[in-house]
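Please read the structure below before turning to the comments.
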Amino acid sequence: MKNKAVFLVVLAFLLVLLPAYGQQRPSKQQVVIKLASMVPENSAWGQLINKFAAEWERVTNNEVKVTVMATGMSSETDILTLLKTDQVQAAIFTSFGLNKLAKEILTLSVPFLIRSEAELDEVLKRVKPEFERKINSQNYYALALVKAGWVKFFSKNVVVRPADLKRQKIGSMPSEPELAQAFREMGYQVVLKEQSEILTALNGPALDAIYTSPIFAAAQQYFGPAKNMASINVAPIMGGIVLNKKGWESVPTQYRTDLIRVTRQIGAELEASLKRLEEDSIRQMKNNGLKEHQVNASQLQEWYDDAAKATPRLLGSTFDRDMYNRIEEILRAYRGRQ
């Protein structure tokens, strides 16, 4: 009887434990990275951001999920606030948002400093690691920094030299105060307008011209009233994918190297896609009435000389002086070899 009693106690104990042992061990908790973007989902940026999200899930065996959020925000400053307060852990920025993280980056956009794709490649080869280190030294992590096209002039009246543009009222968004200040210093009539107001202003007397990327000009239909585009490259535009420190540190360490690799592969795809999109946008606008005016060598020099006179007054305030000197040194050496 005693042995039977012991057996029954043991059996009862096992019956309690067996269901727990039979259950599947709980999987690791999934890390969710919320990514804020002002980019339309059906754009080249948007499609590759979705690919970025899918690749992160694949590489991490679904341990990390990236949720892309269309924020409805009106500026990159607002998105940066979300990133700082950890309401989102990642964000897409252009040069103006990246400037809030590393002020040296906007120095790439000094008007007419960098004049071609080849010059931009040469500069980035030398300084992009410095930009990444600067961002990473704060509470952020730069996953990818990419070329995102060029700023061009779109105007109601033909513009091929500085004097042509100085006769026109040129629109600038309040979210881009650095370029507005640069053009003011160069003697232009800058009028601040919110993005939502620009097309209406161009269709009326409030604005005569705008500086923006061809991709954006096509998407926003600016080329309707501003049907002239000067061929000159005003300044390059950068883009970037940035995580905050908390978001990056939440990613399991064993996946980080592969995540950086796939993100930079997607960044290279994005650069190529945006280059094609810019070319396609110009072609489509031309098919719908846009006129591109070629700027000859003499006229180009007028733009460069005009900018060179104003730029020194912008260094140390609007643009970083040390980075400007660094870029100018790289360009001087590069142009000397051409």
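Labeling convention for the structure tokens: chains A, B, ... as they appear, residues from 1 per chain, ligands from 1 in order of appearance.
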
Problem set entry | Residue neighbourhood region 248-257 of chain A, 12 Å, only C-alpha atoms, exclusion window fewer than 6 positions, as a VMD selection string | chain A and resid 28 to 34 55 to 66 86 88 to 90 136 139 to 143 241 to 242 263 to 264

Report the closest atom pair, with its distance in Å rounded to one decimal, for each residue of region 121-231 of chain A that has an atom no farther than 8 Å from region 93-104 of chain A; count only C-alpha atoms, sort by chain and then rising residue number, and write it as a Markdown table.
```
| residue | atom | partner | partner_atom | distance |
| --- | --- | --- | --- | --- |
| A:Phe131 | CA | A:Ala102 | CA | 6.7 |
| A:Lys134 | CA | A:Ala102 | CA | 6.2 |
| A:Ile135 | CA | A:Ala102 | CA | 5.9 |
| A:Ala148 | CA | A:Thr94 | CA | 7.9 |
| A:Ser175 | CA | A:Phe96 | CA | 7.8 |
| A:Glu176 | CA | A:Phe96 | CA | 6.5 |
```

Store the residues of this selection in a file with N, CA, C and O atoms, as a PDB file, in the first residue's frame.
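Everything below was put into result_37.pdb:
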```
ATOM      1  N   PHE A 131      30.824  61.563 -42.513  1.00  0.00           N
ATOM      2  CA  PHE A 131      29.424  61.855 -42.211  1.00  0.00           C
ATOM      3  C   PHE A 131      28.818  60.741 -41.362  1.00  0.00           C
ATOM      4  O   PHE A 131      28.107  60.998 -40.382  1.00  0.00           O
ATOM      5  N   LYS A 134      30.049  60.842 -37.818  1.00  0.00           N
ATOM      6  CA  LYS A 134      29.447  61.956 -37.076  1.00  0.00           C
ATOM      7  C   LYS A 134      28.046  61.586 -36.598  1.00  0.00           C
ATOM      8  O   LYS A 134      27.685  61.820 -35.431  1.00  0.00           O
ATOM      9  N   ILE A 135      27.245  60.996 -37.459  1.00  0.00           N
ATOM     10  CA  ILE A 135      25.895  60.577 -37.069  1.00  0.00           C
ATOM     11  C   ILE A 135      25.961  59.491 -36.000  1.00  0.00           C
ATOM     12  O   ILE A 135      25.251  59.535 -34.991  1.00  0.00           O
ATOM     13  N   ALA A 148      20.591  61.373 -54.195  1.00  0.00           N
ATOM     14  CA  ALA A 148      19.152  61.395 -54.488  1.00  0.00           C
ATOM     15  C   ALA A 148      18.782  62.387 -55.590  1.00  0.00           C
ATOM     16  O   ALA A 148      17.634  62.802 -55.697  1.00  0.00           O
ATOM     17  N   SER A 175      11.106  75.010 -44.603  1.00  0.00           N
ATOM     18  CA  SER A 175      11.856  73.875 -44.051  1.00  0.00           C
ATOM     19  C   SER A 175      13.277  73.788 -44.604  1.00  0.00           C
ATOM     20  O   SER A 175      14.051  72.945 -44.172  1.00  0.00           O
ATOM     21  N   GLU A 176      13.614  74.666 -45.553  1.00  0.00           N
ATOM     22  CA  GLU A 176      14.951  74.657 -46.164  1.00  0.00           C
ATOM     23  C   GLU A 176      15.614  76.031 -46.005  1.00  0.00           C
ATOM     24  O   GLU A 176      15.990  76.675 -46.983  1.00  0.00           O
TER      25      GLU A 176
END
```

Find the residues around Lys166 (chain A) up to 12 Å (only C-alpha atoms counted), leave out those fewer than 4 positions away in its own chain, and share them as a PDB file with all heavy atoms, in the first residue's frame.
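File written: part-v1.pdb
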```pdb
ATOM      1  N   SER A 155      11.385  77.851 -64.145  1.00  0.00           N
ATOM      2  CA  SER A 155      10.964  79.259 -64.154  1.00  0.00           C
ATOM      3  C   SER A 155       9.955  79.552 -65.258  1.00  0.00           C
ATOM      4  O   SER A 155       9.875  78.838 -66.259  1.00  0.00           O
ATOM      5  CB  SER A 155      12.198  80.155 -64.333  1.00  0.00           C
ATOM      6  OG  SER A 155      12.901  79.784 -65.522  1.00  0.00           O
ATOM      7  N   ASN A 157      10.019  82.406 -67.013  1.00  0.00           N
ATOM      8  CA  ASN A 157      10.804  83.018 -68.085  1.00  0.00           C
ATOM      9  C   ASN A 157      12.152  82.313 -68.184  1.00  0.00           C
ATOM     10  O   ASN A 157      12.642  81.742 -67.205  1.00  0.00           O
ATOM     11  CB  ASN A 157      11.000  84.515 -67.812  1.00  0.00           C
ATOM     12  CG  ASN A 157       9.674  85.245 -67.707  1.00  0.00           C
ATOM     13  OD1 ASN A 157       8.842  85.183 -68.605  1.00  0.00           O
ATOM     14  ND2 ASN A 157       9.452  85.921 -66.588  1.00  0.00           N
ATOM     15  N   VAL A 158      12.739  82.354 -69.341  1.00  0.00           N
ATOM     16  CA  VAL A 158      13.997  81.644 -69.604  1.00  0.00           C
ATOM     17  C   VAL A 158      15.095  82.125 -68.658  1.00  0.00           C
ATOM     18  O   VAL A 158      15.282  83.325 -68.448  1.00  0.00           O
ATOM     19  CB  VAL A 158      14.444  81.846 -71.069  1.00  0.00           C
ATOM     20  CG1 VAL A 158      15.809  81.196 -71.314  1.00  0.00           C
ATOM     21  CG2 VAL A 158      13.402  81.268 -72.021  1.00  0.00           C
ATOM     22  N   VAL A 159      15.836  81.163 -68.095  1.00  0.00           N
ATOM     23  CA  VAL A 159      16.969  81.454 -67.215  1.00  0.00           C
ATOM     24  C   VAL A 159      18.198  80.702 -67.733  1.00  0.00           C
ATOM     25  O   VAL A 159      18.203  79.473 -67.809  1.00  0.00           O
ATOM     26  CB  VAL A 159      16.684  81.013 -65.766  1.00  0.00           C
ATOM     27  CG1 VAL A 159      17.954  81.039 -64.925  1.00  0.00           C
ATOM     28  CG2 VAL A 159      15.619  81.899 -65.133  1.00  0.00           C
ATOM     29  N   VAL A 160      19.226  81.462 -68.125  1.00  0.00           N
ATOM     30  CA  VAL A 160      20.502  80.833 -68.503  1.00  0.00           C
ATOM     31  C   VAL A 160      21.688  81.497 -67.789  1.00  0.00           C
ATOM     32  O   VAL A 160      22.793  80.958 -67.806  1.00  0.00           O
ATOM     33  CB  VAL A 160      20.744  80.856 -70.031  1.00  0.00           C
ATOM     34  CG1 VAL A 160      19.782  79.916 -70.748  1.00  0.00           C
ATOM     35  CG2 VAL A 160      20.665  82.269 -70.582  1.00  0.00           C
ATOM     36  N   ARG A 161      21.448  82.656 -67.173  1.00  0.00           N
ATOM     37  CA  ARG A 161      22.516  83.339 -66.427  1.00  0.00           C
ATOM     38  C   ARG A 161      21.915  83.925 -65.141  1.00  0.00           C
ATOM     39  O   ARG A 161      20.698  84.081 -65.022  1.00  0.00           O
ATOM     40  CB  ARG A 161      23.192  84.418 -67.277  1.00  0.00           C
ATOM     41  CG  ARG A 161      22.243  85.350 -67.955  1.00  0.00           C
ATOM     42  CD  ARG A 161      22.947  86.493 -68.707  1.00  0.00           C
ATOM     43  NE  ARG A 161      24.225  86.203 -69.223  1.00  0.00           N
ATOM     44  CZ  ARG A 161      24.518  86.050 -70.529  1.00  0.00           C
ATOM     45  NH1 ARG A 161      23.553  86.161 -71.426  1.00  0.00           N
ATOM     46  NH2 ARG A 161      25.748  85.824 -70.916  1.00  0.00           N
ATOM     47  N   PRO A 162      22.754  84.259 -64.158  1.00  0.00           N
ATOM     48  CA  PRO A 162      22.242  84.761 -62.885  1.00  0.00           C
ATOM     49  C   PRO A 162      21.311  85.961 -63.012  1.00  0.00           C
ATOM     50  O   PRO A 162      20.289  86.034 -62.309  1.00  0.00           O
ATOM     51  CB  PRO A 162      23.516  85.119 -62.119  1.00  0.00           C
ATOM     52  CG  PRO A 162      24.564  84.228 -62.684  1.00  0.00           C
ATOM     53  CD  PRO A 162      24.222  84.082 -64.139  1.00  0.00           C
ATOM     54  N   ILE A 170      11.719  83.880 -56.650  1.00  0.00           N
ATOM     55  CA  ILE A 170      12.004  82.452 -56.577  1.00  0.00           C
ATOM     56  C   ILE A 170      11.499  81.872 -55.263  1.00  0.00           C
ATOM     57  O   ILE A 170      11.758  82.412 -54.187  1.00  0.00           O
ATOM     58  CB  ILE A 170      13.526  82.187 -56.773  1.00  0.00           C
ATOM     59  CG1 ILE A 170      13.827  80.689 -56.775  1.00  0.00           C
ATOM     60  CG2 ILE A 170      14.368  82.909 -55.739  1.00  0.00           C
ATOM     61  CD1 ILE A 170      15.229  80.363 -57.267  1.00  0.00           C
ATOM     62  N   PHE A 183      20.676  81.761 -51.342  1.00  0.00           N
ATOM     63  CA  PHE A 183      20.227  82.490 -52.523  1.00  0.00           C
ATOM     64  C   PHE A 183      19.996  83.975 -52.223  1.00  0.00           C
ATOM     65  O   PHE A 183      20.225  84.828 -53.084  1.00  0.00           O
ATOM     66  CB  PHE A 183      18.968  81.840 -53.108  1.00  0.00           C
ATOM     67  CG  PHE A 183      19.270  80.564 -53.842  1.00  0.00           C
ATOM     68  CD1 PHE A 183      18.752  79.357 -53.404  1.00  0.00           C
ATOM     69  CD2 PHE A 183      20.100  80.558 -54.952  1.00  0.00           C
ATOM     70  CE1 PHE A 183      19.037  78.171 -54.064  1.00  0.00           C
ATOM     71  CE2 PHE A 183      20.399  79.383 -55.623  1.00  0.00           C
ATOM     72  CZ  PHE A 183      19.865  78.178 -55.179  1.00  0.00           C
ATOM     73  N   ARG A 184      19.566  84.280 -51.018  1.00  0.00           N
ATOM     74  CA  ARG A 184      19.445  85.696 -50.644  1.00  0.00           C
ATOM     75  C   ARG A 184      20.807  86.383 -50.688  1.00  0.00           C
ATOM     76  O   ARG A 184      20.926  87.511 -51.174  1.00  0.00           O
ATOM     77  CB  ARG A 184      18.833  85.827 -49.250  1.00  0.00           C
ATOM     78  CG  ARG A 184      17.328  85.613 -49.202  1.00  0.00           C
ATOM     79  CD  ARG A 184      16.747  86.158 -47.901  1.00  0.00           C
ATOM     80  NE  ARG A 184      15.301  85.966 -47.849  1.00  0.00           N
ATOM     81  CZ  ARG A 184      14.696  85.033 -47.129  1.00  0.00           C
ATOM     82  NH1 ARG A 184      15.404  84.210 -46.371  1.00  0.00           N
ATOM     83  NH2 ARG A 184      13.379  84.915 -47.143  1.00  0.00           N
ATOM     84  N   GLU A 185      21.810  85.709 -50.146  1.00  0.00           N
ATOM     85  CA  GLU A 185      23.164  86.276 -50.146  1.00  0.00           C
ATOM     86  C   GLU A 185      23.680  86.481 -51.572  1.00  0.00           C
ATOM     87  O   GLU A 185      24.507  87.360 -51.825  1.00  0.00           O
ATOM     88  CB  GLU A 185      24.119  85.362 -49.378  1.00  0.00           C
ATOM     89  CG  GLU A 185      23.938  85.382 -47.871  1.00  0.00           C
ATOM     90  CD  GLU A 185      24.389  86.702 -47.232  1.00  0.00           C
ATOM     91  OE1 GLU A 185      25.120  87.474 -47.886  1.00  0.00           O
ATOM     92  OE2 GLU A 185      24.005  86.957 -46.074  1.00  0.00           O
ATOM     93  N   MET A 186      23.184  85.656 -52.498  1.00  0.00           N
ATOM     94  CA  MET A 186      23.605  85.780 -53.896  1.00  0.00           C
ATOM     95  C   MET A 186      22.784  86.818 -54.647  1.00  0.00           C
ATOM     96  O   MET A 186      22.996  87.042 -55.842  1.00  0.00           O
ATOM     97  CB  MET A 186      23.509  84.414 -54.591  1.00  0.00           C
ATOM     98  CG  MET A 186      24.542  83.416 -54.074  1.00  0.00           C
ATOM     99  SD  MET A 186      24.146  81.687 -54.467  1.00  0.00           S
ATOM    100  CE  MET A 186      24.143  81.704 -56.247  1.00  0.00           C
ATOM    101  N   GLY A 187      21.827  87.459 -53.946  1.00  0.00           N
ATOM    102  CA  GLY A 187      21.085  88.561 -54.555  1.00  0.00           C
ATOM    103  C   GLY A 187      19.767  88.200 -55.187  1.00  0.00           C
ATOM    104  O   GLY A 187      19.214  88.995 -55.967  1.00  0.00           O
ATOM    105  N   TYR A 188      19.201  87.031 -54.854  1.00  0.00           N
ATOM    106  CA  TYR A 188      17.925  86.619 -55.444  1.00  0.00           C
ATOM    107  C   TYR A 188      16.747  87.068 -54.585  1.00  0.00           C
ATOM    108  O   TYR A 188      16.863  87.243 -53.377  1.00  0.00           O
ATOM    109  CB  TYR A 188      17.890  85.095 -55.622  1.00  0.00           C
ATOM    110  CG  TYR A 188      18.928  84.617 -56.600  1.00  0.00           C
ATOM    111  CD1 TYR A 188      20.134  84.076 -56.144  1.00  0.00           C
ATOM    112  CD2 TYR A 188      18.735  84.732 -57.977  1.00  0.00           C
ATOM    113  CE1 TYR A 188      21.108  83.661 -57.041  1.00  0.00           C
ATOM    114  CE2 TYR A 188      19.698  84.309 -58.869  1.00  0.00           C
ATOM    115  CZ  TYR A 188      20.890  83.785 -58.398  1.00  0.00           C
ATOM    116  OH  TYR A 188      21.855  83.384 -59.274  1.00  0.00           O
ATOM    117  N   GLN A 189      15.587  87.217 -55.244  1.00  0.00           N
ATOM    118  CA  GLN A 189      14.352  87.576 -54.552  1.00  0.00           C
ATOM    119  C   GLN A 189      13.686  86.291 -54.051  1.00  0.00           C
ATOM    120  O   GLN A 189      12.899  85.679 -54.762  1.00  0.00           O
ATOM    121  CB  GLN A 189      13.391  88.297 -55.503  1.00  0.00           C
ATOM    122  CG  GLN A 189      13.955  89.543 -56.174  1.00  0.00           C
ATOM    123  CD  GLN A 189      12.968  90.113 -57.179  1.00  0.00           C
ATOM    124  OE1 GLN A 189      11.843  90.502 -56.823  1.00  0.00           O
ATOM    125  NE2 GLN A 189      13.366  90.156 -58.435  1.00  0.00           N
ATOM    126  N   VAL A 190      14.015  85.887 -52.836  1.00  0.00           N
ATOM    127  CA  VAL A 190      13.501  84.637 -52.286  1.00  0.00           C
ATOM    128  C   VAL A 190      12.178  84.891 -51.567  1.00  0.00           C
ATOM    129  O   VAL A 190      12.075  85.783 -50.730  1.00  0.00           O
ATOM    130  CB  VAL A 190      14.524  84.000 -51.309  1.00  0.00           C
ATOM    131  CG1 VAL A 190      13.952  82.729 -50.691  1.00  0.00           C
ATOM    132  CG2 VAL A 190      15.832  83.702 -52.039  1.00  0.00           C
ATOM    133  N   ASP A 208       7.685  83.342 -59.563  1.00  0.00           N
ATOM    134  CA  ASP A 208       8.072  83.205 -60.970  1.00  0.00           C
ATOM    135  C   ASP A 208       8.955  81.986 -61.202  1.00  0.00           C
ATOM    136  O   ASP A 208       9.107  81.548 -62.344  1.00  0.00           O
ATOM    137  CB  ASP A 208       8.851  84.451 -61.427  1.00  0.00           C
ATOM    138  CG  ASP A 208       8.055  85.730 -61.220  1.00  0.00           C
ATOM    139  OD1 ASP A 208       6.909  85.791 -61.700  1.00  0.00           O
ATOM    140  OD2 ASP A 208       8.574  86.648 -60.555  1.00  0.00           O
ATOM    141  N   ALA A 209       9.544  81.461 -60.123  1.00  0.00           N
ATOM    142  CA  ALA A 209      10.514  80.377 -60.292  1.00  0.00           C
ATOM    143  C   ALA A 209      10.596  79.554 -59.008  1.00  0.00           C
ATOM    144  O   ALA A 209      10.124  79.986 -57.949  1.00  0.00           O
ATOM    145  CB  ALA A 209      11.890  80.951 -60.642  1.00  0.00           C
ATOM    146  N   TRP A 303      27.594  81.820 -63.267  1.00  0.00           N
ATOM    147  CA  TRP A 303      26.972  81.221 -62.086  1.00  0.00           C
ATOM    148  C   TRP A 303      28.012  80.912 -61.019  1.00  0.00           C
ATOM    149  O   TRP A 303      27.809  81.202 -59.831  1.00  0.00           O
ATOM    150  CB  TRP A 303      26.241  79.930 -62.468  1.00  0.00           C
ATOM    151  CG  TRP A 303      25.006  80.120 -63.289  1.00  0.00           C
ATOM    152  CD1 TRP A 303      24.885  79.922 -64.639  1.00  0.00           C
ATOM    153  CD2 TRP A 303      23.716  80.541 -62.830  1.00  0.00           C
ATOM    154  NE1 TRP A 303      23.601  80.189 -65.050  1.00  0.00           N
ATOM    155  CE2 TRP A 303      22.855  80.566 -63.956  1.00  0.00           C
ATOM    156  CE3 TRP A 303      23.199  80.885 -61.590  1.00  0.00           C
ATOM    157  CZ2 TRP A 303      21.514  80.923 -63.860  1.00  0.00           C
ATOM    158  CZ3 TRP A 303      21.860  81.235 -61.489  1.00  0.00           C
ATOM    159  CH2 TRP A 303      21.034  81.259 -62.620  1.00  0.00           C
ATOM    160  N   ASP A 306      29.389  84.132 -59.473  1.00  0.00           N
ATOM    161  CA  ASP A 306      28.369  84.775 -58.643  1.00  0.00           C
ATOM    162  C   ASP A 306      28.265  84.072 -57.287  1.00  0.00           C
ATOM    163  O   ASP A 306      28.185  84.726 -56.243  1.00  0.00           O
ATOM    164  CB  ASP A 306      27.027  84.719 -59.373  1.00  0.00           C
ATOM    165  CG  ASP A 306      26.013  85.702 -58.802  1.00  0.00           C
ATOM    166  OD1 ASP A 306      26.315  86.908 -58.767  1.00  0.00           O
ATOM    167  OD2 ASP A 306      24.928  85.255 -58.388  1.00  0.00           O
TER     168      ASP A 306
END
```

Exercise. Running DSSP on the backbone, which parts of region 83-304 of chain A land in strand (DSSP E), as a PyMOL selection string?
Worked result: chain A and resi 90-94+140-155+169-172+189-192+209-212+228-230+235-244+291-293

Would you mind exporting the chosen residues as an mmCIF file, in the first residue's frame, restricted to C-alpha atoms?
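Result file part_0.cif:
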```cif
data_model
loop_
_atom_site.group_PDB
_atom_site.id
_atom_site.type_symbol
_atom_site.label_atom_id
_atom_site.label_comp_id
_atom_site.auth_asym_id
_atom_site.auth_seq_id
_atom_site.Cartn_x
_atom_site.Cartn_y
_atom_site.Cartn_z
ATOM 1 C CA ALA A 90 14.029 54.744 -37.983
ATOM 2 C CA ALA A 91 13.447 57.470 -40.560
ATOM 3 C CA ILE A 92 14.104 58.485 -44.153
ATOM 4 C CA PHE A 93 15.749 61.898 -44.542
ATOM 5 C CA THR A 94 16.965 64.147 -47.358
ATOM 6 C CA TYR A 140 21.771 57.541 -34.050
ATOM 7 C CA TYR A 141 23.095 55.033 -36.573
ATOM 8 C CA ALA A 142 23.501 55.803 -40.295
ATOM 9 C CA LEU A 143 22.435 52.693 -42.175
ATOM 10 C CA ALA A 144 22.787 54.175 -45.657
ATOM 11 C CA LEU A 145 23.601 57.550 -47.213
ATOM 12 C CA VAL A 146 22.732 57.798 -50.910
ATOM 13 C CA LYS A 147 22.712 60.250 -53.797
ATOM 14 C CA ALA A 148 19.152 61.395 -54.488
ATOM 15 C CA GLY A 149 19.456 63.639 -57.559
ATOM 16 C CA TRP A 150 20.111 67.302 -58.330
ATOM 17 C CA VAL A 151 18.427 70.636 -57.689
ATOM 18 C CA LYS A 152 17.465 72.500 -60.868
ATOM 19 C CA PHE A 153 15.864 75.873 -61.620
ATOM 20 C CA PHE A 154 12.304 75.878 -63.042
ATOM 21 C CA SER A 155 10.964 79.259 -64.154
ATOM 22 C CA LYS A 169 10.652 85.850 -57.558
ATOM 23 C CA ILE A 170 12.004 82.452 -56.577
ATOM 24 C CA GLY A 171 10.151 80.190 -54.181
ATOM 25 C CA SER A 172 11.738 78.483 -51.192
ATOM 26 C CA GLN A 189 14.352 87.576 -54.552
ATOM 27 C CA VAL A 190 13.501 84.637 -52.286
ATOM 28 C CA VAL A 191 9.852 84.180 -51.276
ATOM 29 C CA LEU A 192 9.027 81.623 -48.582
ATOM 30 C CA ALA A 209 10.514 80.377 -60.292
ATOM 31 C CA ILE A 210 11.378 77.499 -57.985
ATOM 32 C CA TYR A 211 14.478 75.445 -57.267
ATOM 33 C CA THR A 212 13.788 71.765 -56.738
ATOM 34 C CA ASN A 228 11.539 76.502 -68.449
ATOM 35 C CA MET A 229 14.379 74.501 -66.882
ATOM 36 C CA ALA A 230 18.038 75.540 -66.975
ATOM 37 C CA ALA A 235 23.395 71.335 -55.988
ATOM 38 C CA PRO A 236 23.241 67.606 -55.238
ATOM 39 C CA ILE A 237 20.590 66.110 -52.942
ATOM 40 C CA MET A 238 21.404 63.368 -50.449
ATOM 41 C CA GLY A 239 19.115 60.839 -48.800
ATOM 42 C CA GLY A 240 19.577 58.547 -45.845
ATOM 43 C CA ILE A 241 18.104 55.817 -43.666
ATOM 44 C CA VAL A 242 18.833 56.483 -39.993
ATOM 45 C CA LEU A 243 18.009 54.523 -36.828
ATOM 46 C CA ASN A 244 18.006 55.919 -33.334
ATOM 47 C CA LYS A 291 11.754 73.489 -72.366
ATOM 48 C CA GLU A 292 15.303 72.743 -71.225
ATOM 49 C CA HIS A 293 17.743 75.576 -71.918
#
```

Problem set entry | Contacts of Ala182 (chain A) within 10 Å, only C-alpha atoms, excl. fewer than 3 positions in-chain, as number ranges by chain | A: 110-111, 177-179, 185-188, 190, 307, 310-311, 313-314, 318-319

Selection: 12 Å around Ala272 (chain A), only C-alpha atoms, excl. self and same-chain fewer than 4 positions, as a compact mmCIF listing (two decimals) with N, CA and C atoms, in the first residue's frame:
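The new file selection_21.txt reads:
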```txt
# COMPACT_ATOMS: atom_id res chain seq x y z
N ALA A 44 9.75 55.44 -56.41
CA ALA A 44 10.95 54.59 -56.40
C ALA A 44 11.48 54.44 -54.98
N TRP A 45 11.49 55.54 -54.23
CA TRP A 45 11.90 55.50 -52.83
C TRP A 45 11.01 54.54 -52.06
N LEU A 48 11.46 50.74 -52.78
CA LEU A 48 12.69 50.17 -52.23
C LEU A 48 12.70 50.19 -50.70
N VAL A 146 22.77 58.00 -49.46
CA VAL A 146 22.73 57.80 -50.91
C VAL A 146 22.54 59.12 -51.65
N LYS A 147 22.96 59.11 -52.91
CA LYS A 147 22.71 60.25 -53.80
C LYS A 147 21.25 60.21 -54.22
N ALA A 148 20.59 61.37 -54.19
CA ALA A 148 19.15 61.40 -54.49
C ALA A 148 18.78 62.39 -55.59
N GLY A 149 19.76 62.76 -56.42
CA GLY A 149 19.46 63.64 -57.56
C GLY A 149 20.07 65.03 -57.42
N GLN A 265 23.19 47.51 -50.09
CA GLN A 265 22.87 47.02 -51.43
C GLN A 265 21.60 47.70 -51.96
N ILE A 266 20.61 47.79 -51.08
CA ILE A 266 19.36 48.46 -51.46
C ILE A 266 19.61 49.94 -51.71
N GLY A 267 20.52 50.53 -50.92
CA GLY A 267 20.89 51.93 -51.14
C GLY A 267 21.48 52.15 -52.52
N ALA A 268 22.33 51.22 -52.97
CA ALA A 268 22.92 51.31 -54.31
C ALA A 268 21.83 51.17 -55.38
N ARG A 276 17.60 57.06 -62.81
CA ARG A 276 16.70 56.77 -63.94
C ARG A 276 15.42 57.58 -63.83
N LEU A 277 14.91 57.68 -62.60
CA LEU A 277 13.66 58.41 -62.39
C LEU A 277 13.82 59.88 -62.72
N GLU A 278 14.97 60.46 -62.36
CA GLU A 278 15.22 61.86 -62.68
C GLU A 278 15.25 62.06 -64.19
N GLU A 279 15.94 61.16 -64.90
CA GLU A 279 16.00 61.25 -66.37
C GLU A 279 14.62 61.07 -66.98
```
